[in-house]
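input13.txt follows; it contains compact mmCIF, C-alpha atoms.
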# COMPACT_ATOMS: atom_id res chain seq x y z
CA MET A 1 0.00 0.00 0.00
CA THR A 2 1.47 3.34 -1.05
CA LYS A 3 -1.51 5.71 -0.69
CA MET A 4 -3.60 6.89 2.25
CA LEU A 5 -6.57 9.13 2.90
CA ALA A 6 -5.87 12.54 4.40
CA GLY A 7 -8.08 15.42 5.39
CA GLN A 8 -7.74 18.68 3.52
CA ILE A 9 -9.47 21.81 4.73
CA ALA A 10 -11.18 23.30 1.68
CA GLY A 11 -12.71 26.32 3.43
CA SER A 12 -14.48 27.31 6.61
CA ARG A 13 -15.88 24.13 8.22
CA ARG A 14 -15.28 22.19 4.97
CA LEU A 15 -13.12 19.10 5.09
CA GLU A 16 -12.46 16.93 2.06
CA MET A 17 -10.78 13.53 2.10
CA ILE A 18 -8.09 13.15 -0.55
CA GLU A 19 -5.63 10.42 -1.46
CA ILE A 20 -1.93 11.19 -0.95
CA PRO A 21 1.24 9.08 -0.67
CA ILE A 22 2.00 7.47 2.67
CA PRO A 23 4.95 9.46 4.07
CA ASN A 24 8.44 7.97 4.27
CA ILE A 25 10.26 7.95 7.60
CA GLU A 26 13.87 8.67 8.46
CA GLU A 27 16.18 7.35 11.16
CA GLY A 28 14.71 8.01 14.63
CA GLU A 29 11.14 8.21 13.31
CA ILE A 30 8.03 6.04 13.39
CA LEU A 31 5.05 5.74 11.05
CA VAL A 32 1.84 5.59 13.07
CA LYS A 33 -1.57 4.37 11.92
CA LEU A 34 -4.07 6.76 13.47
CA HIS A 35 -6.76 5.23 15.70
CA VAL A 36 -8.18 8.39 17.27
CA GLY A 37 -7.39 12.09 17.32
CA SER A 38 -8.74 14.92 19.43
CA ILE A 39 -9.30 18.45 18.19
CA CYS A 40 -7.43 20.95 20.36
CA GLY A 41 -8.27 24.64 20.62
CA SER A 42 -5.13 25.36 18.60
CA ASP A 43 -6.64 23.31 15.73
CA LEU A 44 -9.80 25.42 15.53
CA PRO A 45 -8.40 28.30 13.44
CA TYR A 46 -7.60 25.74 10.71
CA PHE A 47 -11.03 24.07 10.77
CA LEU A 48 -12.77 27.45 10.87
CA PHE A 49 -10.37 28.76 8.21
CA ASP A 50 -9.89 31.87 10.34
CA ARG A 51 -7.55 34.00 8.22
CA SER A 52 -7.33 36.59 11.01
CA HIS A 53 -5.34 34.02 13.04
CA PRO A 54 -1.54 34.42 12.69
CA ALA A 55 -1.12 30.78 11.58
CA LEU A 56 -3.36 31.45 8.57
CA THR A 57 -2.25 34.93 7.56
CA GLY A 58 -2.16 34.99 3.77
CA ALA A 59 -3.50 31.43 3.49
CA SER A 60 -5.77 30.39 0.67
CA ALA A 61 -7.99 27.35 0.29
CA PRO A 62 -7.41 24.52 0.16
CA LEU A 63 -4.90 24.20 2.99
CA PRO A 64 -2.12 21.60 2.72
CA PRO A 65 -3.28 18.01 3.39
CA MET A 66 -3.16 16.62 6.94
CA LEU A 67 -3.77 19.99 8.67
CA SER A 68 -4.80 20.09 11.51
CA LEU A 69 -4.70 17.51 14.25
CA HIS A 70 -2.04 16.74 16.84
CA GLU A 71 -3.52 14.93 19.84
CA LEU A 72 -3.21 11.42 18.43
CA VAL A 73 -3.34 7.78 19.50
CA GLY A 74 -2.31 5.03 17.12
CA VAL A 75 -0.20 1.96 16.46
CA VAL A 76 3.35 1.96 15.10
CA VAL A 77 3.35 0.29 11.67
CA LEU A 78 6.96 1.08 10.73
CA SER A 79 9.88 1.97 13.00
CA ARG A 80 13.36 3.29 12.35
CA CYS A 81 14.27 3.74 16.01
CA ARG A 82 15.16 1.57 18.99
CA ARG A 83 12.49 2.77 21.41
CA PHE A 84 9.42 1.68 19.41
CA LYS A 85 8.64 -1.42 17.41
CA GLU A 86 5.85 -2.32 15.01
CA GLY A 87 2.65 -2.99 16.93
CA ASP A 88 3.41 -0.60 19.82
CA ARG A 89 0.49 1.57 20.86
CA VAL A 90 1.47 5.21 21.22
CA LEU A 91 0.30 8.69 22.07
CA ALA A 92 2.25 10.77 19.59
CA LEU A 93 2.68 14.22 18.14
CA PRO A 94 3.40 14.54 14.42
CA THR A 95 6.95 15.60 13.51
CA VAL A 96 5.45 18.44 11.48
CA GLN A 97 3.25 20.49 13.81
CA HIS A 98 -0.51 19.99 13.37
CA ARG A 99 -0.05 17.42 10.57
CA GLY A 100 -1.93 14.39 11.86
CA LEU A 101 -5.25 14.46 10.01
CA ALA A 102 -4.62 11.32 7.96
CA GLU A 103 -4.66 7.54 8.13
CA TYR A 104 -0.90 7.59 8.85
CA PHE A 105 1.42 10.22 10.29
CA VAL A 106 5.13 10.49 11.09
CA SER A 107 6.36 10.95 14.65
CA SER A 108 9.73 10.60 16.36
CA GLU A 109 11.16 8.99 19.48
CA ASP A 110 11.04 12.24 21.44
CA ARG A 111 7.44 13.03 20.43
CA ALA A 112 5.78 9.72 21.38
CA VAL A 113 5.11 7.63 24.49
CA HIS A 114 3.97 4.05 24.93
CA LEU A 115 0.34 3.61 25.96
CA PRO A 116 -1.27 0.82 27.95
CA GLU A 117 -4.25 -1.12 26.70
CA GLY A 118 -7.55 0.71 27.01
CA PRO A 119 -10.07 2.58 24.91
CA ALA A 120 -8.17 4.90 22.55
CA ASN A 121 -10.87 7.56 22.78
CA ARG A 122 -10.14 7.87 26.51
CA LEU A 123 -6.36 7.61 26.25
CA VAL A 124 -6.12 10.52 23.80
CA VAL A 125 -6.88 12.87 26.73
CA SER A 126 -3.39 11.98 28.02
CA GLN A 127 -1.89 14.66 25.76
CA PRO A 128 -3.80 17.65 27.19
CA LEU A 129 -3.41 16.17 30.69
CA GLY A 130 0.35 16.16 30.13
CA THR A 131 0.14 19.85 29.24
CA VAL A 132 -1.76 20.55 32.46
CA VAL A 133 0.70 18.58 34.62
CA HIS A 134 3.62 20.41 32.95
CA ALA A 135 1.96 23.76 33.74
CA CYS A 136 1.26 22.72 37.36
CA LEU A 137 4.91 21.79 37.85
CA LYS A 138 5.87 25.35 36.88
CA LEU A 139 3.64 26.93 39.55
CA PRO A 140 5.12 28.36 42.74
CA GLU A 141 4.00 26.96 46.10
CA VAL A 142 0.21 27.23 46.03
CA LEU A 143 -0.95 25.00 48.88
CA GLY A 144 -3.64 26.82 50.85
CA GLN A 145 -4.10 29.43 48.11
CA THR A 146 -7.23 30.14 46.11
CA ALA A 147 -7.09 29.12 42.45
CA VAL A 148 -9.27 30.22 39.55
CA VAL A 149 -9.48 28.33 36.27
CA LEU A 150 -10.88 30.40 33.42
CA GLY A 151 -12.52 28.39 30.66
CA GLN A 152 -14.10 24.99 31.10
CA GLY A 153 -13.19 23.26 27.87
CA PRO A 154 -11.34 19.95 28.17
CA THR A 155 -8.06 21.55 29.29
CA GLY A 156 -9.87 23.82 31.72
CA GLN A 157 -11.66 20.86 33.26
CA LEU A 158 -8.40 18.92 33.56
CA SER A 159 -6.79 22.00 35.15
CA LEU A 160 -9.63 22.34 37.64
CA LEU A 161 -9.43 18.65 38.55
CA SER A 162 -5.65 18.93 38.96
CA CYS A 163 -6.10 21.91 41.29
CA VAL A 164 -8.68 20.07 43.38
CA ILE A 165 -6.65 16.86 43.65
CA TRP A 166 -3.03 17.93 43.47
CA VAL A 167 -2.32 21.65 43.71
CA CYS A 168 -4.91 22.98 46.18
CA PRO A 169 -6.40 20.02 48.06
CA GLY A 170 -8.84 20.67 50.84
What is this file in structure tokens?
Amino acid sequence: MTKMLAGQIAGSRRLEMIEIPIPNIEEGEILVKLHVGSICGSDLPYFLFDRSHPALTGASAPLPPMLSLHELVGVVVLSRCRRFKEGDRVLALPTVQHRGLAEYFVSSEDRAVHLPEGPANRLVVSQPLGTVVHACLKLPEVLGQTAVVLGQGPTGQLSLLSCVIWVCPG
């Protein structure tokens, strides 16, 4: 098999599926078959084709294939690294930012982690949770302080839960 389906944003809220070559990988990279992806807030300007957003300044439709998706769970189908082998289940970021909206995407050793068994649609939340944990680790001492979380999207809810359980218990 040399071709795959990939999403291509054709305009505001318009996604077309097109056939493109399966990407080649280099040393230190893995080819991942996508099982599930989650749309992040940073993906929305692409899907909405918001040309006022800095990422889309001067853009015209259609956008390049595979834009935009980066919270991804899949299985390694080809590996050119020591850390991952074919069949490994991973949470991975594409090597090219926001380029995961396809049957297959390329990632690298430093942009992927092994995942345990479990429903992929639940495990994909590991990526935004990692972002929240990373942010919490940067906070100064906050025990006994009052915290406010603005926005209750998925990351806001994970942040709130982290504050309740970890940062500001009680």
Skip Ser38 (chain A) itself and residues of its chain fewer than 3 positions away, then list as JSON, numbers by chain all residues within 12 Å of it, counting all atoms listed in the file. {"A": [34, 35, 41, 42, 43, 44, 68, 69, 70, 71, 72, 73, 91, 92, 93, 98, 100, 101, 120, 121, 122, 123, 124, 125, 126, 127, 128, 154, 155]}
Point out the residue among A:Pro64, A:Pro116, A:Gly151, A:Gly87 with the least atom-to-atom distance to Lys33 (chain A), counting all atoms listed in the file. A:Gly87
Show me, as an MDAnalysis selection string, the residues that have an atom within 7 Å of Ser79 (chain A) when counting all atoms listed in the file, minus same-chain residues fewer than 6 positions from it. chainID A and resid 29:31 85:86
Shell of 12 Å around region 136-148 of chain A, only C-alpha atoms, local chain residues under 2 positions omitted, as a list in words: Leu129, Gly130, Thr131, Val132, Val133, His134, Leu150, Gly151, Gln152, Gly156, Gln157, Leu158, Ser159, Leu160, Leu161, Ser162, Cys163, Val164, Ile165, Trp166, Val167, Cys168, Pro169 and Gly170 of chain A
Those residues you just picked out, can you put them in a file as a CSV table (one decimal), in the frame of the given file with C-alpha atoms?
chain,number,residue,atom,x,y,z
A,129,LEU,CA,-3.4,16.2,30.7
A,130,GLY,CA,0.4,16.2,30.1
A,131,THR,CA,0.1,19.8,29.2
A,132,VAL,CA,-1.8,20.6,32.5
A,133,VAL,CA,0.7,18.6,34.6
A,134,HIS,CA,3.6,20.4,33.0
A,150,LEU,CA,-10.9,30.4,33.4
A,151,GLY,CA,-12.5,28.4,30.7
A,152,GLN,CA,-14.1,25.0,31.1
A,156,GLY,CA,-9.9,23.8,31.7
A,157,GLN,CA,-11.7,20.9,33.3
A,158,LEU,CA,-8.4,18.9,33.6
A,159,SER,CA,-6.8,22.0,35.2
A,160,LEU,CA,-9.6,22.3,37.6
A,161,LEU,CA,-9.4,18.6,38.6
A,162,SER,CA,-5.6,18.9,39.0
A,163,CYS,CA,-6.1,21.9,41.3
A,164,VAL,CA,-8.7,20.1,43.4
A,165,ILE,CA,-6.6,16.9,43.6
A,166,TRP,CA,-3.0,17.9,43.5
A,167,VAL,CA,-2.3,21.6,43.7
A,168,CYS,CA,-4.9,23.0,46.2
A,169,PRO,CA,-6.4,20.0,48.1
A,170,GLY,CA,-8.8,20.7,50.8
Report as a list in words all protein, DNA and RNA residues lying within 8 Å of Pro94 (chain A), evaluated on all atoms listed in the file, omitting residues in the same chain fewer than 6 positions from it.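 What passes the distance filter is His70, Gly100, Phe105, Val106, Ser107, Ser108 and Arg111 of chain A.
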Of the residues A:Gly37, A:Gly11, A:Val149, A:Val77, which is the one nearest to Leu56 (chain A), using all atoms listed in the file? A:Gly11
Identify which of the residues A:Glu27, A:Met17, A:Gly153, A:Ile9 lies closest to Arg82 (chain A), counting only C-alpha atoms when measuring atom-to-atom distances.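 Selected residue with least distance to Arg82 (chain A): A:Glu27.
Rounded to one decimal, CA of Ile39 (chain A) and CA of Val113 (chain A) lie 19.1 Å from each other.
Our summary of the geometry notes that CA of Tyr46 (chain A) is positioned 21.0 Å from CA of Met4 (chain A).
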